[in-house]
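Participant: Take a look at the following structure, please.
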Protein chains: 2
Amino acid sequence: MRLKDLAEHLGLSQTTVSRALNGYPEVNEATRRRVAETAQRLGYRPNASALRLATGRSGAIGMVLRGSYEFGPHTSEFLGGVGERLAAEEIDILLTTVETYEDEVAAYKRGAASQKVDAFILHSPTLRDERAELLLDLKVPFVLHGRTNIGKPVAWLDIDNTGAVERATSHLLDLGHRRIALLNGIKGRTFAEHREIGYLAALSARGVAFDPALMGNSVFTDEIAFRMAQAMLELRPHPTAFLAGSMMTALGIFRAIRQAGFVLGKDISMIAHDDVFPYLNADNMYPTMSTTRSSMRQAGMRIAELILAILGGKPVEDIHELWPVELVLRESSGPAPQ
Amino acid sequence: MRLKDLAEHLGLSQTTVSRALNGYPEVNEATRRRVAETAQRLGYRPNASALRLATGRSGAIGMVLRGSYEFGPHTSEFLGGVGERLAAEEIDILLTTVETYEDEVAAYKRGAASQKVDAFILHSPTLRDERAELLLDLKVPFVLHGRTNIGKPVAWLDIDNTGAVERATSHLLDLGHRRIALLNGIKGRTFAEHREIGYLAALSARGVAFDPALMGNSVFTDEIAFRMAQAMLELRPHPTAFLAGSMMTALGIFRAIRQAGFVLGKDISMIAHDDVFPYLNADNMYPTMSTTRSSMRQAGMRIAELILAILGGKPVEDIHELWPVELVLRESSGPAPQ
DNA sequence: TCAAAATTTGAAATCGCTTTGAATGCATAT
DNA sequence: ATATGCATTCAAAGCGATTTCAAATTTTGA
C-alpha cells in the first residue's frame, strides 16, 4: 500500500493525500477526513526510507556502544529512559556495536555521512574527548552524557560526581573513619576524575593524608571489586570504610568484607553509588545500603528531551545540566570502630 | 558528497561508479581501483535512506521492548550478542520502546508497513503467542527467542529449560532434599511453563509431592525474590533448597537465607539459573553458586546469525535450535541437613 | 455582474541511490 | 571487409515519499 495506491483509491492526487495526512492547511476539511479515514482503514503507513529521503530526517537517534562491557546494566537503564521519552514521538534508537576505538570513530563518520540518524548520544567521555570534536566537525547534533573539556560549546547533561563523593567522604570522616577506600571507574574518564577530585578535596579539608593503596580504578564488576577490596582488607591498618563506584562494585566489596570475617555496617562501612536499578535495590539489601543516588533512567529521559530540543532548533550552548546527587544514609554506614 | 558529485569528479557516470563500489563484475579493474581510491579519499558514503529506498532493504533489525523492566540485564546481554554479530555486516539494531501490549502490536505493524527493519527479533513468548501470528500475517521475517505453539512454522532458538530444571531438581533430590522451592518467571511465559514441567517431572519421578506453597511466579528482581524466599523460610517445615530463576533472584534469596540465620550451602542449598552476566559471576560469589548456565550473549549472537540466514533465503521451517543447559555444581548446593 | 482574491487540487520536480536496457569501442573469427 | 562477441560505459527509469509551482474552482467585493 503506497501513497500512489491510496491516492488512486481515493481518486485524488498524491499531493493532496500527502498534504491531508501531514496536516497542511490548504486542504478541504471534508477531504482531509475522508483521506484520514481511508488511510486508517487500509492501514497505510508511509515508507520510512522514502520519507527520510524526501525530508532528510531519519527518525532515529543513534548511540554507539564499544566493547562488550558497555552493554551493561547502566546502559540498559539509560536506554530505557531514552526509549521511554522517544516512544511518544515515534522516534527509534539505533544501536551500533563496535569493537575498537577506531571502529567507533568510523561508526560516527558513517552514521553522519549516511544520515542514518538525526542525532547521537555521546557517552562515557574522557576529560578531553576527541569524539566530541569529531561530531562537531561532522556537524551532526549530539548531546553528551557527562562532560568534557574541548573548548567549544557542547550540549551536555551530567551528575555532580565531585559533590557526591565529597559529601559521602566527608560524612564518613564525620563518623570517625580515617582509612577510607575509593573503588573508582577507569582512569581518564571524566566521571572517575571528578569523583577522585571530590574524594581528595574531602580528605584534605580534614587534613587526612591520601593513601594511593586505598584507591582502585577499573570497570564496575563485582569480581574486580571483590579482588580489590580483598587486597585492601589485608592492609594493616585496613580501611574501615569503602566508597563503591556502583552497585555491582558494592556486591563485590560486600563479599570481600564478609569473607574477611567483618560485619558490614559495624566493622566496616560502605557508601555505594546507586544508578537505581529496579532489580537491585539498595533498600532491600541486608544490611540496607547507604548510597549516593542518581537515576540513570531519569538521565536518559532528560537527554532524549534535550535532543528533541536541539532538533527543534535550540542552540547547544544553552544546554548544560548538572544534576545534584542525593546522599541516602542507611545501615551500611556507621561510626568507625574504636 | 553524493554519488552524482563523485561521478562528476571522476568523469564517469553514476552507473559505473555505483557498480564499481558495489563489486559488480562488468567494470574495468583499473576504473574500479580509481573509483575506490577516490571515494575513500573524498570520504564518500552512500546515503542510507536512498540506498534503502532503492534496494528495499533497511539495514536494520528491530526489537520491541515493552515496559520498563524488559530493559533489564538479560536484554542488554542479549543485545550485546546480537550487536556483536551484526557489527560485521554493518547492520544496526533498531529499538522501539512501548508501554502496553497494544502499543507493541502497533509497533510491529508500523515497523512492517514502513519497512523500517528487515526483520524482527521476537522474545519472551507465551505458550500461544499472538505476536508471532501477527508477524507471520505481516510477512515480515523474524526469529523467536524462545518457543510458542501456534501450529505454523516459526524460526526459533531456545534453551532446554525443562531439562535444565529437571536435572537441577533431580540433583537436589539425590542430595536428600525433599522440600525444594522454585522461584520461577511469570506464569504463561513459555520458559516459565517449561521450567515448571521439568520441576514437576523430577518431583514425581521420585514420588515427592508437589507443594504449591513452594512455588512462586514473578519477574526476576532481587526484591521480589527476597520477599518470596522470606515467606517460604517461615513455613514449617521450611524448604531446604531453592531453585532461583535468575542471578538477581539468587541475590534476593541469598539475603533471605542469611537474614533467617541460615548458612547457604550448609543449612540451605540453592541452584540458580545463570544467564552469564560478566559483572555478576557465579564463581565469585561467596559461597560460589551452583548454576544451570546458558549464555544470553551467545544466544543473541546466534539469533543474529539465524536472521542473516533467513534474509539470505533459508526457509524458516529449517530453523529450530534447542540448546542444552549446563549444570555447574559449586558450593551453594550440598546434602540436605539431617 | 465581473474582476480579484481565496481556497482547493494536481502535475511534475526532487531527494540519492540501484538497475535495466542500450550503446560504444575493440578484438576475434569468417 | 564484415559479422560476431566481449568488455565497458552510460542514459534513463525506477524506489515512495515531499514540495514547488501552476491551474482550477469557489468566494468575495465593488
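Simple scheme: letters A, B, ... for chains in C-alpha cells order, numbers from 1 for residues in each chain, numbers from 1 for ligands in the order shown.
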I need the helix (DSSP H, G or I) residues of range 171-307 of chain A per DSSP on the backbone, written as JSON, numbers by chain.
Facilitator: {"A": [171, 172, 173, 174, 190, 191, 192, 193, 194, 195, 196, 197, 198, 199, 200, 201, 202, 203, 204, 205, 212, 213, 214, 222, 223, 224, 225, 226, 227, 228, 229, 230, 231, 232, 233, 247, 248, 249, 250, 251, 252, 253, 254, 255, 256, 257, 258, 259, 282, 283, 284, 296, 297, 298, 299, 300, 301, 302, 303, 304, 305, 306, 307]}
Participant: Residues of chain D that have any atom at most 12 Å from an atom of chain A: could you tabulate them with the shortest-distance atom pair and the distance in Å to one decimal, using only C-alpha atoms (C1' of nucleotides), ordered by chain and increasing number, as CSV?
Facilitator:
residue,atom,partner,partner_atom,distance
D:DC15,C1',A:Ala50,CA,7.7
D:DG16,C1',A:Ala50,CA,4.9
D:DA17,C1',A:Ala50,CA,4.7
D:DT18,C1',A:Ala54,CA,5.5
D:DT19,C1',A:Thr15,CA,8.6
D:DT20,C1',A:Thr15,CA,11.1
Participant: Between C1' of DT2 in chain D and C1' of DG25 in chain C, what is the distance, to one decimal in Å?
Facilitator: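 Rounded to one decimal, the two atoms are 16.0 Å apart.
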Participant: Taking only C-alpha atoms (C1' of nucleotides) into account and nothing else, which residues of chain C lie no more than 8 Å away from chain B? Please answer as a PyMOL selection string.
Facilitator: chain C and resi 15-18
Participant: Once you count only C-alpha atoms, what closest atom pair and distance in Å to one decimal does each residue of chain B within 7 Å of chain A have, with rows by chain and rising residue number, as a tab-separated table?
Facilitator:
residue	atom	partner	partner_atom	distance
B:Arg45	CA	A:Ala113	CA	5.7
B:Pro46	CA	A:Ser114	CA	5.7
B:Asn47	CA	A:Ser114	CA	4.2
B:Ala48	CA	A:Ser114	CA	4.8
B:Ser49	CA	A:Ser49	CA	4.9
B:Ala50	CA	A:Leu53	CA	5.8
B:Arg52	CA	A:Ser49	CA	6.0
B:Leu53	CA	A:Ser49	CA	5.2
B:Ser68	CA	A:Gly80	CA	6.4
B:Phe71	CA	A:Ser76	CA	5.6
B:Gly72	CA	A:Ser76	CA	6.2
B:Pro73	CA	A:Pro73	CA	5.3
B:Ser76	CA	A:Phe71	CA	5.6
B:Glu77	CA	A:Phe71	CA	6.5
B:Gly80	CA	A:Phe71	CA	5.7
B:Gly83	CA	A:Thr97	CA	5.3
B:Glu84	CA	A:Thr97	CA	6.2
B:Ala87	CA	A:Thr97	CA	5.7
B:Asp92	CA	A:Thr96	CA	5.4
B:Ile93	CA	A:Leu95	CA	5.1
B:Leu94	CA	A:Leu94	CA	4.7
B:Leu95	CA	A:Ile93	CA	5.1
B:Thr96	CA	A:Asp92	CA	5.4
B:Thr97	CA	A:Gly83	CA	5.2
B:Val98	CA	A:Ala87	CA	6.4
B:Arg110	CA	A:Arg45	CA	6.8
B:Ala113	CA	A:Arg45	CA	5.6
B:Ser114	CA	A:Asn47	CA	4.2
B:Gln115	CA	A:Asn47	CA	6.1
B:Lys116	CA	A:Ala48	CA	5.8
B:Thr221	CA	A:Tyr279	CA	4.2
B:Asp222	CA	A:Tyr279	CA	5.7
B:Glu223	CA	A:Asn284	CA	6.1
B:Met248	CA	A:Tyr279	CA	6.9
B:Arg255	CA	A:Tyr286	CA	6.3
B:Tyr279	CA	A:Thr221	CA	4.2
B:Leu280	CA	A:Asp222	CA	5.8
B:Asn281	CA	A:Glu223	CA	6.8
B:Asn284	CA	A:Glu223	CA	6.2
B:Tyr286	CA	A:Arg255	CA	6.3
Participant: Go ahead and write the residues just picked, N, CA and C atoms, as a tab-separated table (two decimals), in the first residue's frame.
Facilitator:
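Wrote it out as selection.tsv, contents follow:
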chain	number	residue	atom	x	y	z
B	45	ARG	N	30.14	8.27	1.36
B	45	ARG	CA	29.32	7.21	1.94
B	45	ARG	C	27.95	7.32	1.31
B	46	PRO	N	27.40	6.23	0.81
B	46	PRO	CA	26.05	6.33	0.24
B	46	PRO	C	25.04	6.76	1.29
B	47	ASN	N	24.11	7.56	0.89
B	47	ASN	CA	23.04	7.98	1.78
B	47	ASN	C	22.17	6.77	2.12
B	48	ALA	N	22.01	6.56	3.41
B	48	ALA	CA	21.33	5.35	3.86
B	48	ALA	C	19.89	5.28	3.38
B	49	SER	N	19.19	6.39	3.43
B	49	SER	CA	17.78	6.38	3.04
B	49	SER	C	17.62	6.07	1.57
B	50	ALA	N	18.45	6.70	0.75
B	50	ALA	CA	18.37	6.48	-0.69
B	50	ALA	C	18.69	5.03	-1.02
B	52	ARG	N	18.36	2.50	0.90
B	52	ARG	CA	17.29	1.63	1.35
B	52	ARG	C	16.08	1.72	0.43
B	53	LEU	N	15.80	2.93	-0.02
B	53	LEU	CA	14.67	3.10	-0.90
B	53	LEU	C	14.90	2.33	-2.20
B	68	SER	N	9.13	-1.07	31.36
B	68	SER	CA	10.48	-0.69	31.75
B	68	SER	C	11.33	-1.89	32.13
B	71	PHE	N	13.87	-3.75	29.84
B	71	PHE	CA	15.16	-3.15	29.56
B	71	PHE	C	16.16	-3.54	30.64
B	72	GLY	N	16.12	-4.76	31.06
B	72	GLY	CA	16.95	-5.19	32.18
B	72	GLY	C	18.26	-5.80	31.73
B	73	PRO	N	18.94	-6.45	32.67
B	73	PRO	CA	20.25	-7.02	32.40
B	73	PRO	C	20.21	-8.15	31.37
B	76	SER	N	20.12	-6.52	27.91
B	76	SER	CA	21.34	-5.86	27.46
B	76	SER	C	22.41	-6.89	27.10
B	77	GLU	N	22.46	-7.99	27.83
B	77	GLU	CA	23.40	-9.04	27.45
B	77	GLU	C	23.03	-9.61	26.09
B	80	GLY	N	23.82	-7.27	23.39
B	80	GLY	CA	25.26	-7.24	23.19
B	80	GLY	C	25.70	-8.32	22.21
B	83	GLY	N	24.35	-7.44	18.66
B	83	GLY	CA	25.14	-6.36	18.08
B	83	GLY	C	26.51	-6.83	17.65
B	84	GLU	N	27.10	-7.67	18.44
B	84	GLU	CA	28.44	-8.16	18.12
B	84	GLU	C	28.45	-8.88	16.77
B	87	ALA	N	27.54	-6.35	13.83
B	87	ALA	CA	28.51	-5.28	13.56
B	87	ALA	C	29.31	-5.58	12.30
B	92	ASP	N	22.41	-2.47	11.86
B	92	ASP	CA	22.18	-1.90	13.18
B	92	ASP	C	20.97	-2.52	13.85
B	93	ILE	N	20.85	-2.20	15.12
B	93	ILE	CA	19.70	-2.66	15.89
B	93	ILE	C	18.78	-1.48	16.10
B	94	LEU	N	17.53	-1.65	15.74
B	94	LEU	CA	16.56	-0.58	15.94
B	94	LEU	C	15.65	-0.95	17.10
B	95	LEU	N	15.75	-0.18	18.17
B	95	LEU	CA	14.95	-0.47	19.35
B	95	LEU	C	13.72	0.42	19.38
B	96	THR	N	12.59	-0.19	19.62
B	96	THR	CA	11.37	0.58	19.80
B	96	THR	C	10.85	0.28	21.20
B	97	THR	N	10.55	1.31	21.93
B	97	THR	CA	10.06	1.14	23.29
B	97	THR	C	8.56	1.39	23.32
B	98	VAL	N	7.84	0.54	23.99
B	98	VAL	CA	6.40	0.74	24.10
B	98	VAL	C	5.94	0.48	25.53
B	110	ARG	N	3.57	-1.02	12.42
B	110	ARG	CA	4.21	0.17	11.88
B	110	ARG	C	5.57	-0.19	11.27
B	113	ALA	N	4.95	-2.08	7.93
B	113	ALA	CA	4.40	-1.26	6.85
B	113	ALA	C	5.40	-0.21	6.38
B	114	SER	N	6.15	0.34	7.30
B	114	SER	CA	7.07	1.41	6.93
B	114	SER	C	8.41	0.86	6.46
B	115	GLN	N	8.56	-0.45	6.55
B	115	GLN	CA	9.82	-1.10	6.15
B	115	GLN	C	11.03	-0.50	6.86
B	116	LYS	N	10.84	-0.22	8.11
B	116	LYS	CA	11.94	0.33	8.90
B	116	LYS	C	13.02	-0.71	9.17
B	221	THR	N	13.53	-9.95	40.09
B	221	THR	CA	14.24	-8.88	40.79
B	221	THR	C	14.62	-9.40	42.16
B	222	ASP	N	15.67	-8.83	42.71
B	222	ASP	CA	16.14	-9.33	44.00
B	222	ASP	C	15.11	-9.07	45.09
B	223	GLU	N	14.38	-7.97	44.95
B	223	GLU	CA	13.44	-7.60	45.99
B	223	GLU	C	12.30	-8.61	46.11
B	248	MET	N	19.62	-12.48	39.71
B	248	MET	CA	19.01	-11.44	40.54
B	248	MET	C	18.16	-12.09	41.63
B	255	ARG	N	19.86	-13.26	50.46
B	255	ARG	CA	19.63	-12.31	51.53
B	255	ARG	C	18.63	-12.86	52.56
B	279	TYR	N	29.35	-9.04	34.82
B	279	TYR	CA	29.56	-8.24	36.03
B	279	TYR	C	29.00	-8.90	37.27
B	280	LEU	N	28.55	-10.15	37.13
B	280	LEU	CA	27.96	-10.83	38.28
B	280	LEU	C	28.23	-12.31	38.11
B	281	ASN	N	29.34	-12.74	38.68
B	281	ASN	CA	29.88	-14.04	38.36
B	281	ASN	C	29.60	-15.08	39.44
B	284	ASN	N	32.40	-16.26	41.58
B	284	ASN	CA	33.00	-15.33	42.54
B	284	ASN	C	32.07	-14.96	43.68
B	286	TYR	N	30.08	-15.89	47.27
B	286	TYR	CA	30.59	-16.47	48.50
B	286	TYR	C	29.44	-16.98	49.33
Participant: Near Leu173 in chain B, counting only C-alpha atoms (C1' of nucleotides), which residues have an atom at most 12 Å away, once you skip same-chain residues fewer than 2 positions from it, shown as a VMD selection string?
Facilitator: chain B and resid 166 to 171 175 to 181 199 202 to 208 240 to 242 269 333 to 336
Participant: Interatomic distance between CA of Ala30 in chain A and C1' of DT14 in chain C?
Facilitator: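 Calculated distance between CA of Ala30 in chain A and C1' of DT14 in chain C is 29.3 Å.
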Participant: Would you mind telling me which residue in C:DA12, C:DA23, C:DA29, C:DA5 lies nearest to DA22 in chain D when using only C-alpha atoms (C1' of nucleotides)?
Facilitator: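 For DA22 in chain D, the nearest of the given residues is C:DA12.
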Participant: Per DSSP on the backbone, filter range 143-315 of chain B down to the residues in strand (DSSP E) and report them as a PyMOL selection string.
Facilitator: chain B and resi 143-145+155-159+180-184+215-217+241-244+269-274+290-293
Participant: Show me, as a PDB file with N, CA and C atoms (P, O5', C5', C4', C3', O3' and C1' of nucleotides), in the first residue's frame, the residues that have an atom within 12 Å of range 6-11 of chain C when counting only C-alpha atoms (C1' of nucleotides), minus same-chain residues fewer than 5 positions from it.
Facilitator:
ATOM      1  N   ALA A   7      -3.891   7.144  -3.150  1.00  0.00           N
ATOM      2  CA  ALA A   7      -4.402   8.294  -3.904  1.00  0.00           C
ATOM      3  C   ALA A   7      -5.362   7.827  -5.002  1.00  0.00           C
ATOM      4  N   GLY A  11      -9.238   8.580  -5.602  1.00  0.00           N
ATOM      5  CA  GLY A  11      -9.500   9.446  -6.741  1.00  0.00           C
ATOM      6  C   GLY A  11      -8.917  10.832  -6.548  1.00  0.00           C
ATOM      7  N   LEU A  12      -7.791  10.885  -5.809  1.00  0.00           N
ATOM      8  CA  LEU A  12      -7.141  12.180  -5.562  1.00  0.00           C
ATOM      9  C   LEU A  12      -5.692  12.090  -6.033  1.00  0.00           C
ATOM     10  N   SER A  13      -4.999  13.195  -6.020  1.00  0.00           N
ATOM     11  CA  SER A  13      -3.580  13.177  -6.357  1.00  0.00           C
ATOM     12  C   SER A  13      -2.758  12.839  -5.121  1.00  0.00           C
ATOM     13  N   GLN A  14      -1.550  12.370  -5.353  1.00  0.00           N
ATOM     14  CA  GLN A  14      -0.647  12.083  -4.240  1.00  0.00           C
ATOM     15  C   GLN A  14      -0.441  13.338  -3.387  1.00  0.00           C
ATOM     16  N   THR A  15      -0.313  14.440  -4.088  1.00  0.00           N
ATOM     17  CA  THR A  15      -0.071  15.709  -3.406  1.00  0.00           C
ATOM     18  C   THR A  15      -1.111  15.961  -2.316  1.00  0.00           C
ATOM     19  N   THR A  16      -2.367  15.886  -2.739  1.00  0.00           N
ATOM     20  CA  THR A  16      -3.439  16.197  -1.800  1.00  0.00           C
ATOM     21  C   THR A  16      -3.468  15.199  -0.650  1.00  0.00           C
ATOM     22  N   VAL A  17      -3.293  13.942  -0.965  1.00  0.00           N
ATOM     23  CA  VAL A  17      -3.327  12.926   0.079  1.00  0.00           C
ATOM     24  C   VAL A  17      -2.187  13.164   1.062  1.00  0.00           C
ATOM     25  N   ARG A  19      -0.664  15.916   1.701  1.00  0.00           N
ATOM     26  CA  ARG A  19      -0.960  17.108   2.500  1.00  0.00           C
ATOM     27  C   ARG A  19      -2.006  16.832   3.556  1.00  0.00           C
ATOM     28  N   ALA A  20      -3.030  16.108   3.167  1.00  0.00           N
ATOM     29  CA  ALA A  20      -4.105  15.811   4.116  1.00  0.00           C
ATOM     30  C   ALA A  20      -3.555  15.066   5.322  1.00  0.00           C
ATOM     31  N   TYR A  24      -1.404  19.746   6.456  1.00  0.00           N
ATOM     32  CA  TYR A  24      -1.228  21.051   5.817  1.00  0.00           C
ATOM     33  C   TYR A  24      -2.570  21.763   5.768  1.00  0.00           C
ATOM     34  N   PRO A  25      -2.544  23.102   5.848  1.00  0.00           N
ATOM     35  CA  PRO A  25      -3.798  23.861   5.979  1.00  0.00           C
ATOM     36  C   PRO A  25      -4.605  23.920   4.676  1.00  0.00           C
ATOM     37  N   GLU A  26      -3.931  23.847   3.532  1.00  0.00           N
ATOM     38  CA  GLU A  26      -4.629  24.099   2.279  1.00  0.00           C
ATOM     39  C   GLU A  26      -5.387  22.889   1.747  1.00  0.00           C
ATOM     40  N   VAL A  27      -6.050  22.186   2.628  1.00  0.00           N
ATOM     41  CA  VAL A  27      -6.813  21.044   2.159  1.00  0.00           C
ATOM     42  C   VAL A  27      -8.197  21.071   2.819  1.00  0.00           C
ATOM     43  N   ASN A  28      -9.169  20.793   2.029  1.00  0.00           N
ATOM     44  CA  ASN A  28     -10.556  20.864   2.481  1.00  0.00           C
ATOM     45  C   ASN A  28     -10.806  19.911   3.657  1.00  0.00           C
ATOM     46  N   GLU A  29     -11.549  20.414   4.616  1.00  0.00           N
ATOM     47  CA  GLU A  29     -11.764  19.648   5.846  1.00  0.00           C
ATOM     48  C   GLU A  29     -12.446  18.308   5.560  1.00  0.00           C
ATOM     49  N   ALA A  30     -13.388  18.323   4.664  1.00  0.00           N
ATOM     50  CA  ALA A  30     -14.111  17.092   4.330  1.00  0.00           C
ATOM     51  C   ALA A  30     -13.159  16.102   3.649  1.00  0.00           C
ATOM     52  N   THR A  31     -12.336  16.620   2.742  1.00  0.00           N
ATOM     53  CA  THR A  31     -11.362  15.777   2.051  1.00  0.00           C
ATOM     54  C   THR A  31     -10.400  15.154   3.053  1.00  0.00           C
ATOM     55  N   ARG A  32      -9.928  15.995   3.948  1.00  0.00           N
ATOM     56  CA  ARG A  32      -8.978  15.520   4.946  1.00  0.00           C
ATOM     57  C   ARG A  32      -9.557  14.357   5.748  1.00  0.00           C
TER      58      ARG A  32
ATOM     59  P    DT D  20       8.554  23.987  -1.008  1.00  0.00           P
ATOM     60  O5'  DT D  20       8.802  24.663  -2.446  1.00  0.00           O
ATOM     61  C5'  DT D  20       9.760  24.081  -3.330  1.00  0.00           C
ATOM     62  C4'  DT D  20       9.280  24.214  -4.762  1.00  0.00           C
ATOM     63  C3'  DT D  20       8.602  25.547  -5.080  1.00  0.00           C
ATOM     64  O3'  DT D  20       9.109  26.036  -6.312  1.00  0.00           O
ATOM     65  C1'  DT D  20       7.210  23.775  -5.725  1.00  0.00           C
ATOM     66  P    DC D  21       8.966  27.585  -6.689  1.00  0.00           P
ATOM     67  O5'  DC D  21       7.991  27.515  -7.933  1.00  0.00           O
ATOM     68  C5'  DC D  21       8.096  26.417  -8.858  1.00  0.00           C
ATOM     69  C4'  DC D  21       6.789  26.259  -9.592  1.00  0.00           C
ATOM     70  C3'  DC D  21       6.033  27.564  -9.838  1.00  0.00           C
ATOM     71  O3'  DC D  21       5.702  27.628 -11.212  1.00  0.00           O
ATOM     72  C1'  DC D  21       4.588  25.953  -8.917  1.00  0.00           C
ATOM     73  P    DA D  22       4.971  28.902 -11.828  1.00  0.00           P
ATOM     74  O5'  DA D  22       3.697  28.232 -12.481  1.00  0.00           O
ATOM     75  C5'  DA D  22       3.811  26.927 -13.044  1.00  0.00           C
ATOM     76  C4'  DA D  22       2.434  26.312 -13.145  1.00  0.00           C
ATOM     77  C3'  DA D  22       1.353  27.272 -13.632  1.00  0.00           C
ATOM     78  O3'  DA D  22       0.571  26.617 -14.615  1.00  0.00           O
ATOM     79  C1'  DA D  22       0.665  26.265 -11.626  1.00  0.00           C
ATOM     80  P    DA D  23      -0.506  27.397 -15.465  1.00  0.00           P
ATOM     81  O5'  DA D  23      -1.851  26.599 -15.186  1.00  0.00           O
ATOM     82  C5'  DA D  23      -1.820  25.175 -15.123  1.00  0.00           C
ATOM     83  C4'  DA D  23      -3.073  24.704 -14.433  1.00  0.00           C
ATOM     84  C3'  DA D  23      -4.336  25.418 -14.907  1.00  0.00           C
ATOM     85  O3'  DA D  23      -5.333  24.444 -15.164  1.00  0.00           O
ATOM     86  C1'  DA D  23      -4.189  25.520 -12.554  1.00  0.00           C
ATOM     87  P    DA D  24      -6.611  24.796 -16.014  1.00  0.00           P
ATOM     88  O5'  DA D  24      -7.786  24.483 -14.989  1.00  0.00           O
ATOM     89  C5'  DA D  24      -7.783  23.242 -14.288  1.00  0.00           C
ATOM     90  C4'  DA D  24      -8.634  23.381 -13.058  1.00  0.00           C
ATOM     91  C3'  DA D  24     -10.008  24.012 -13.321  1.00  0.00           C
ATOM     92  O3'  DA D  24     -11.006  23.147 -12.805  1.00  0.00           O
ATOM     93  C1'  DA D  24      -8.945  25.070 -11.494  1.00  0.00           C
ATOM     94  P    DT D  25     -12.546  23.378 -13.156  1.00  0.00           P
ATOM     95  O5'  DT D  25     -13.094  23.946 -11.784  1.00  0.00           O
ATOM     96  C5'  DT D  25     -12.855  23.229 -10.570  1.00  0.00           C
ATOM     97  C4'  DT D  25     -13.104  24.145  -9.407  1.00  0.00           C
ATOM     98  C3'  DT D  25     -14.456  24.868  -9.423  1.00  0.00           C
ATOM     99  O3'  DT D  25     -15.263  24.352  -8.379  1.00  0.00           O
ATOM    100  C1'  DT D  25     -12.682  26.278  -8.700  1.00  0.00           C
ATOM    101  P    DT D  26     -16.803  24.816  -8.234  1.00  0.00           P
ATOM    102  O5'  DT D  26     -16.671  25.870  -7.046  1.00  0.00           O
ATOM    103  C5'  DT D  26     -15.961  25.501  -5.861  1.00  0.00           C
ATOM    104  C4'  DT D  26     -15.739  26.740  -5.016  1.00  0.00           C
ATOM    105  C3'  DT D  26     -16.992  27.584  -4.771  1.00  0.00           C
ATOM    106  O3'  DT D  26     -17.188  27.723  -3.372  1.00  0.00           O
ATOM    107  C1'  DT D  26     -15.186  28.951  -5.450  1.00  0.00           C
ATOM    108  P    DT D  27     -18.472  28.519  -2.810  1.00  0.00           P
ATOM    109  O5'  DT D  27     -17.783  29.876  -2.350  1.00  0.00           O
ATOM    110  C5'  DT D  27     -16.563  29.812  -1.598  1.00  0.00           C
ATOM    111  C4'  DT D  27     -16.030  31.219  -1.383  1.00  0.00           C
ATOM    112  C3'  DT D  27     -17.068  32.247  -0.915  1.00  0.00           C
ATOM    113  O3'  DT D  27     -16.535  32.930   0.209  1.00  0.00           O
ATOM    114  C1'  DT D  27     -15.903  33.064  -2.803  1.00  0.00           C
ATOM    115  P    DT D  28     -17.424  33.986   1.002  1.00  0.00           P
ATOM    116  O5'  DT D  28     -16.807  35.354   0.482  1.00  0.00           O
ATOM    117  C5'  DT D  28     -15.386  35.520   0.509  1.00  0.00           C
ATOM    118  C4'  DT D  28     -15.017  36.822  -0.175  1.00  0.00           C
ATOM    119  C3'  DT D  28     -15.885  38.018   0.230  1.00  0.00           C
ATOM    120  O3'  DT D  28     -15.022  39.061   0.676  1.00  0.00           O
ATOM    121  C1'  DT D  28     -15.712  37.868  -2.141  1.00  0.00           C
TER     122       DT D  28
END
Participant: Which residues come within 9 Å of Leu311 in chain A, counting only C-alpha atoms (C1' of nucleotides), excluding same-chain residues fewer than 5 positions away, as a list of chain:residue names?
Facilitator: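 Contacts, in chain order: A:Asp118, A:Ala119, A:Pro141, A:Leu306.
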Participant: Take the residues from that selection and put them in a file with C-alpha atoms, as a compact mmCIF listing (two decimals), in the first residue's frame.
Facilitator:
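Once everything was written out, this is again_9.txt:
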# COMPACT_ATOMS: atom_id res chain seq x y z
CA ASP A 118 19.30 12.69 13.23
CA ALA A 119 21.50 12.96 16.30
CA PRO A 141 23.82 17.20 16.54
CA LEU A 306 17.31 17.69 25.17
Participant: Show me, as a list in words, the residues that have an atom within 12 Å of DG29 in chain D when counting only C-alpha atoms (C1' of nucleotides), minus same-chain residues fewer than 4 positions from it.
Facilitator: DT1, DC2, DA3, DA4 and DA5 of chain C
Participant: Could you save the residues just selected, with C-alpha atoms (C1' of nucleotides), as a PDB file, in the first residue's frame?
Facilitator:
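This went into out06.pdb:
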ATOM      1  C1'  DT C   1     -22.174  41.209 -12.839  1.00  0.00           C
ATOM      2  C1'  DC C   2     -17.432  40.649 -13.277  1.00  0.00           C
ATOM      3  C1'  DA C   3     -12.737  41.052 -11.721  1.00  0.00           C
ATOM      4  C1'  DA C   4      -9.865  39.893  -7.903  1.00  0.00           C
ATOM      5  C1'  DA C   5      -8.796  37.096  -4.131  1.00  0.00           C
TER       6       DA C   5
END
